[in-house]
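Next up, work.cif (mmCIF, C-alpha atoms):
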data_model
loop_
_atom_site.label_atom_id
_atom_site.label_comp_id
_atom_site.auth_asym_id
_atom_site.auth_seq_id
_atom_site.Cartn_x
_atom_site.Cartn_y
_atom_site.Cartn_z
CA MET A 1 1.27 -1.86 -6.57
CA THR A 2 5.01 -2.15 -6.59
CA ASP A 3 7.65 -2.47 -3.91
CA GLY A 4 11.08 -3.94 -3.36
CA THR A 5 10.60 -6.87 -5.73
CA ALA A 6 8.10 -5.95 -8.44
CA ARG A 7 9.60 -4.32 -11.53
CA PHE A 8 7.72 -2.36 -14.15
CA ASP A 9 8.96 -0.85 -17.38
CA ARG A 10 7.21 2.18 -18.85
CA GLU A 11 4.60 0.09 -20.65
CA GLY A 12 3.83 -1.95 -17.54
CA ALA A 13 3.59 1.18 -15.40
CA GLN A 14 1.14 2.77 -17.82
CA ARG A 15 -0.93 -0.42 -17.88
CA MET A 16 -1.13 -0.46 -14.09
CA ASP A 17 -2.06 3.21 -14.10
CA ARG A 18 -4.93 2.56 -16.53
CA ILE A 19 -6.29 -0.20 -14.29
CA ALA A 20 -6.00 2.03 -11.23
CA LYS A 21 -7.92 4.81 -12.99
CA THR A 22 -10.68 2.56 -14.30
CA VAL A 23 -11.49 -0.77 -12.63
CA PHE A 24 -9.93 0.11 -9.27
CA ALA A 25 -10.83 3.82 -9.25
CA PRO A 26 -13.66 3.53 -6.66
CA VAL A 27 -11.40 1.73 -4.18
CA TYR A 28 -8.87 4.43 -3.31
CA PRO A 29 -11.18 7.13 -1.88
CA VAL A 30 -12.85 4.52 0.32
CA ILE A 31 -9.55 3.17 1.64
CA ALA A 32 -8.21 6.69 2.16
CA GLY A 33 -11.24 7.50 4.31
CA GLN A 34 -10.78 4.32 6.31
CA ILE A 35 -7.12 5.15 6.90
CA LEU A 36 -8.00 8.52 8.44
CA GLU A 37 -10.84 7.07 10.47
CA ARG A 38 -8.94 4.06 11.80
CA CYS A 39 -5.53 5.63 12.30
CA GLY A 40 -6.66 9.08 13.39
CA ILE A 41 -3.72 10.80 11.69
CA ALA A 42 -4.58 13.53 9.19
CA ARG A 43 -1.49 15.74 9.42
CA GLY A 44 2.25 15.19 9.53
CA ARG A 45 4.40 13.03 7.29
CA CYS A 46 3.07 9.96 5.49
CA VAL A 47 4.91 7.39 3.37
CA ASP A 48 3.06 5.26 0.82
CA ILE A 49 5.19 2.15 0.26
CA GLY A 50 4.86 0.54 -3.15
CA SER A 51 2.96 3.63 -4.21
CA GLY A 52 2.72 2.69 -7.86
CA SER A 53 1.14 5.44 -9.95
CA GLY A 54 0.00 7.31 -6.85
CA SER A 55 -3.73 6.57 -6.64
CA LEU A 56 -3.83 5.99 -2.88
CA ALA A 57 -1.50 8.89 -2.10
CA ILE A 58 -3.60 11.24 -4.23
CA ALA A 59 -6.80 10.10 -2.53
CA LEU A 60 -5.21 10.68 0.89
CA ALA A 61 -3.84 14.08 -0.07
CA GLY A 62 -7.32 15.12 -1.17
CA ILE A 63 -8.88 14.59 2.26
CA SER A 64 -6.03 15.38 4.65
CA GLY A 65 -3.19 17.74 5.37
CA LEU A 66 -0.58 15.01 5.15
CA ALA A 67 2.74 15.56 3.38
CA ILE A 68 3.10 12.30 1.50
CA THR A 69 6.20 10.54 0.19
CA LEU A 70 5.53 8.07 -2.62
CA LEU A 71 8.11 5.30 -2.24
CA ASP A 72 8.54 2.81 -5.05
CA SER A 73 11.40 0.78 -6.48
CA SER A 74 10.33 1.33 -10.10
CA PRO A 75 11.51 4.58 -11.74
CA ASP A 76 8.91 4.13 -14.47
CA MET A 77 6.13 3.87 -11.88
CA LEU A 78 7.42 7.00 -10.16
CA SER A 79 7.52 8.80 -13.50
CA VAL A 80 3.84 8.00 -14.07
CA ALA A 81 3.08 9.03 -10.48
CA ALA A 82 4.80 12.38 -11.06
CA GLU A 83 2.53 13.02 -14.03
CA ASN A 84 -0.54 12.15 -11.97
CA LEU A 85 0.55 14.43 -9.13
CA ARG A 86 0.99 17.33 -11.55
CA GLU A 87 -2.42 16.71 -13.09
CA THR A 88 -4.17 16.56 -9.71
CA GLY A 89 -2.30 19.53 -8.24
CA PHE A 90 -0.64 17.67 -5.38
CA SER A 91 3.00 18.02 -6.45
CA ASP A 92 3.56 20.63 -3.76
CA ARG A 93 2.58 18.24 -0.95
CA CYS A 94 3.80 14.92 -2.37
CA THR A 95 7.37 13.85 -3.07
CA LEU A 96 8.82 10.85 -4.87
CA LEU A 97 11.40 8.46 -3.44
CA LYS A 98 12.97 5.60 -5.37
CA ALA A 99 13.76 3.06 -2.69
CA ASP A 100 13.20 -0.44 -1.37
CA VAL A 101 11.05 -1.28 1.64
CA HIS A 102 13.89 -3.39 3.04
CA ASN A 103 16.19 -0.35 3.21
CA ILE A 104 14.22 2.87 3.58
CA PRO A 105 16.48 5.95 3.32
CA LEU A 106 14.64 7.98 5.95
CA PRO A 107 15.69 8.90 9.51
CA ASP A 108 14.53 7.05 12.59
CA ALA A 109 11.20 8.20 14.04
CA SER A 110 10.53 10.59 11.16
CA VAL A 111 7.16 9.42 9.80
CA ASP A 112 3.71 9.70 11.37
CA LEU A 113 1.83 7.35 9.05
CA VAL A 114 2.92 4.52 6.74
CA VAL A 115 0.39 3.16 4.27
CA SER A 116 0.55 0.55 1.57
CA ARG A 117 -2.04 -1.24 -0.51
CA GLY A 118 -1.08 -4.46 -2.26
CA SER A 119 2.71 -4.36 -2.02
CA VAL A 120 3.26 -6.37 1.18
CA PHE A 121 2.48 -9.60 -0.66
CA PHE A 122 5.55 -9.07 -2.85
CA TRP A 123 8.15 -8.10 -0.26
CA ASP A 124 11.18 -10.37 -0.45
CA ASP A 125 11.84 -10.60 3.28
CA LEU A 126 9.07 -9.61 5.69
CA PRO A 127 11.00 -9.29 9.00
CA PRO A 128 13.51 -6.64 7.85
CA ALA A 129 10.79 -4.84 5.88
CA PHE A 130 8.53 -4.48 8.92
CA ALA A 131 11.54 -3.65 11.09
CA GLU A 132 12.42 -0.80 8.73
CA ILE A 133 8.85 0.48 8.78
CA TYR A 134 8.75 0.39 12.57
CA ARG A 135 12.13 2.16 12.71
CA ILE A 136 10.94 5.17 10.70
CA LEU A 137 7.68 5.53 12.65
CA ALA A 138 7.60 8.45 15.05
CA PRO A 139 6.27 7.90 18.58
CA GLY A 140 2.51 7.56 18.22
CA GLY A 141 2.92 6.78 14.52
CA ARG A 142 0.77 4.14 12.89
CA THR A 143 0.56 2.00 9.77
CA TYR A 144 -2.20 0.82 7.47
CA ILE A 145 -0.59 -1.89 5.34
CA GLY A 146 -2.20 -4.76 3.50
CA GLY A 147 -4.67 -5.35 0.72
CA GLY A 148 -8.33 -5.01 0.02
CA PHE A 149 -11.01 -3.10 -1.82
CA GLY A 150 -12.57 -0.99 0.90
CA SER A 151 -15.83 -2.93 1.07
CA ALA A 152 -17.24 -6.34 0.24
CA SER A 153 -19.44 -4.89 -2.51
CA LEU A 154 -16.49 -3.19 -4.21
CA ARG A 155 -14.44 -6.37 -3.83
CA ASP A 156 -17.10 -8.49 -5.52
CA ALA A 157 -17.70 -6.03 -8.37
CA ILE A 158 -14.02 -5.59 -9.13
CA ALA A 159 -13.29 -9.30 -8.82
CA ALA A 160 -15.99 -10.12 -11.35
CA GLU A 161 -14.55 -7.62 -13.83
CA MET A 162 -10.94 -8.70 -13.31
CA ILE A 163 -11.78 -12.39 -13.64
CA ARG A 164 -13.54 -11.71 -16.94
CA GLU A 165 -10.34 -10.09 -18.19
CA ASN A 166 -7.98 -12.67 -16.68
CA PRO A 167 -9.33 -15.88 -15.08
CA GLU A 168 -6.00 -16.39 -13.28
CA TRP A 169 -6.53 -13.19 -11.30
CA GLN A 170 -8.81 -15.01 -8.84
CA THR A 171 -6.05 -17.46 -7.91
CA PHE A 172 -3.63 -14.57 -7.49
CA ARG A 173 -6.04 -12.73 -5.16
CA GLU A 174 -6.83 -15.80 -3.08
CA LYS A 175 -3.13 -16.53 -2.62
CA ASN A 176 -2.39 -13.00 -1.43
CA LEU A 177 -5.40 -12.56 0.84
CA GLY A 178 -5.87 -16.19 1.86
CA PRO A 179 -5.49 -17.51 5.42
CA GLU A 180 -2.05 -19.02 4.85
CA ASN A 181 -0.54 -15.70 3.84
CA ARG A 182 -2.36 -13.82 6.60
CA GLU A 183 -1.10 -16.28 9.20
CA ARG A 184 2.45 -16.01 7.86
CA ILE A 185 2.41 -12.24 8.23
CA GLY A 186 0.91 -12.55 11.71
CA ARG A 187 3.72 -14.87 12.79
CA VAL A 188 6.36 -12.45 11.53
CA LEU A 189 4.84 -9.57 13.48
CA ALA A 190 4.56 -11.69 16.63
CA GLU A 191 8.22 -12.71 16.35
CA LEU A 192 9.29 -9.10 15.88
CA GLY A 193 7.37 -8.17 19.01
CA VAL A 194 6.05 -4.89 17.61
CA PRO A 195 2.70 -3.58 18.90
CA HIS A 196 0.08 -4.25 16.26
CA ARG A 197 -3.42 -5.34 15.44
CA ILE A 198 -4.79 -6.91 12.30
CA VAL A 199 -8.05 -5.94 10.63
CA ASN A 200 -9.62 -8.67 8.54
CA ASP A 201 -13.12 -7.73 7.42
CA GLY A 202 -15.03 -6.58 4.37
CA SER A 203 -12.56 -3.74 3.87
CA GLY A 204 -9.70 -6.20 3.41
CA PHE A 205 -6.67 -7.41 5.36
CA TRP A 206 -4.81 -4.57 7.06
CA ILE A 207 -1.84 -4.47 9.44
CA MET A 208 -1.88 -1.63 11.94
CA LEU A 209 1.40 -1.15 13.79
CA GLU A 210 1.62 1.55 16.44
CA LYS A 211 4.85 3.06 17.78
CA GLU A 212 4.71 3.59 21.52
CA GLN A 213 4.76 7.18 22.74
#
The structure in this file should be written as structure tokens.
Amino acid sequence: MTDGTARFDREGAQRMDRIAKTVFAPVYPVIAGQILERCGIARGRCVDIGSGSGSLAIALAGISGLAITLLDSSPDMLSVAAENLRETGFSDRCTLLKADVHNIPLPDASVDLVVSRGSVFFWDDLPPAFAEIYRILAPGGRTYIGGGFGSASLRDAIAAEMIRENPEWQTFREKNLGPENRERIGRVLAELGVPHRIVNDGSGFWIMLEKEQ
């Protein structure tokens, strides 16, 4: 999904939306369930950073009472997301925000949950991005940021299909989710000194910040 650096025109946004609704469709309900289970936040305000066409936000809205802001830097992606929200009936509980993760136009301590799947690997500058996310978290707020497929079986099935379509996709995935990138993100968080833990299992690689009460 997109963020502060990735740019999609209308055609690219529609292509990403098609992939999200086909190959990746089983992933989002699983990750949404894991977010609620692991973060324990089902109500309040949520921001999905690099929301793309809205698949994760829609899955979360379907199983929670969260009011969700879809934040993306691409107006074409947000346009596609708006269509998907109307079709799924979640326009009343989800809003769109064109913005960059490095400069989030939301007040301090105003968000209970920040989620993001796939965009962190494209952020231009990790320290200010995570600092911004921590700034907008309310006391007791948490994040679920990273990348993954929800389970090892989904990961393997989707990888096989994506590699058939584009053999270079495997290299792209390994770069994003490989140990070097995970360690780099871990160092950034340690240097920032923000309370966090990292999940690295069959569900994927996820960064869970928590704002102190």
- [ ] Evaluate the PyMOL selection byres ((chain A and resi 79) around 12) here and jot the selected residues down as a PyMOL selection string.
- [x] chain A and resi 8-11+13-14+17+51-54+70-78+80-86+95-98
Contact residues around range 121-125 of chain A with only C-alpha atoms at 12 Å, ignoring same-chain residues under 2 positions, as a ChimeraX atom specification
/A:1-7,49-50,72-73,100-103,116-119,127-132,145-148,172-178,180-182,184-185,188,205-206
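Contact shell of Tyr134 in chain A at 10 Å (all atoms listed in the file; same-chain neighbours under 4 positions omitted): A:Asp108, A:Ala109, A:Val111, A:Val114, A:Pro128, A:Ala129, A:Phe130, A:Ala138, A:Pro139, A:Gly141, A:Arg142, A:Thr143, A:Val194, A:Pro195, A:Leu209, A:Glu210, A:Lys211.
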- Query: CA of Glu87 in chain A to CA of Ile68 in chain A: how many Å, to one decimal?
  - Reply: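 It comes out at 16.2 Å.
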Expressed in Å, the length from CA of Gly33 in chain A to CA of Leu60 in chain A is 7.6 Å
request  = Grab the CA of Ser55 in chain A to CA of Lys21 in chain A distance for me, in Å with one decimal place.
outcome  =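 Rounded to one decimal, the two atoms are 7.8 Å apart.
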Written as a PyMOL selection string, what is the full residue list that the PyMOL selection byres ((chain A and resi 152) around 12) yields on the file shown?
chain A and resi 27+30+148-151+153-159+200-205
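With all atoms listed in the file as the atoms that count, the minimum distance from Val199 in chain A to the choices A:Ile35, A:Leu126, A:Met16, A:Ile63 is reached by A:Ile35.
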Next item on the list: Run the PyMOL selection byres ((chain A and resi 64) around 12) mentally over the shown coordinates, then write out the matched residues as a ChimeraX atom specification, using the chain letters and numbers from the document.
Entry: /A:29,32-33,35-37,40-46,57-63,65-68,90,93
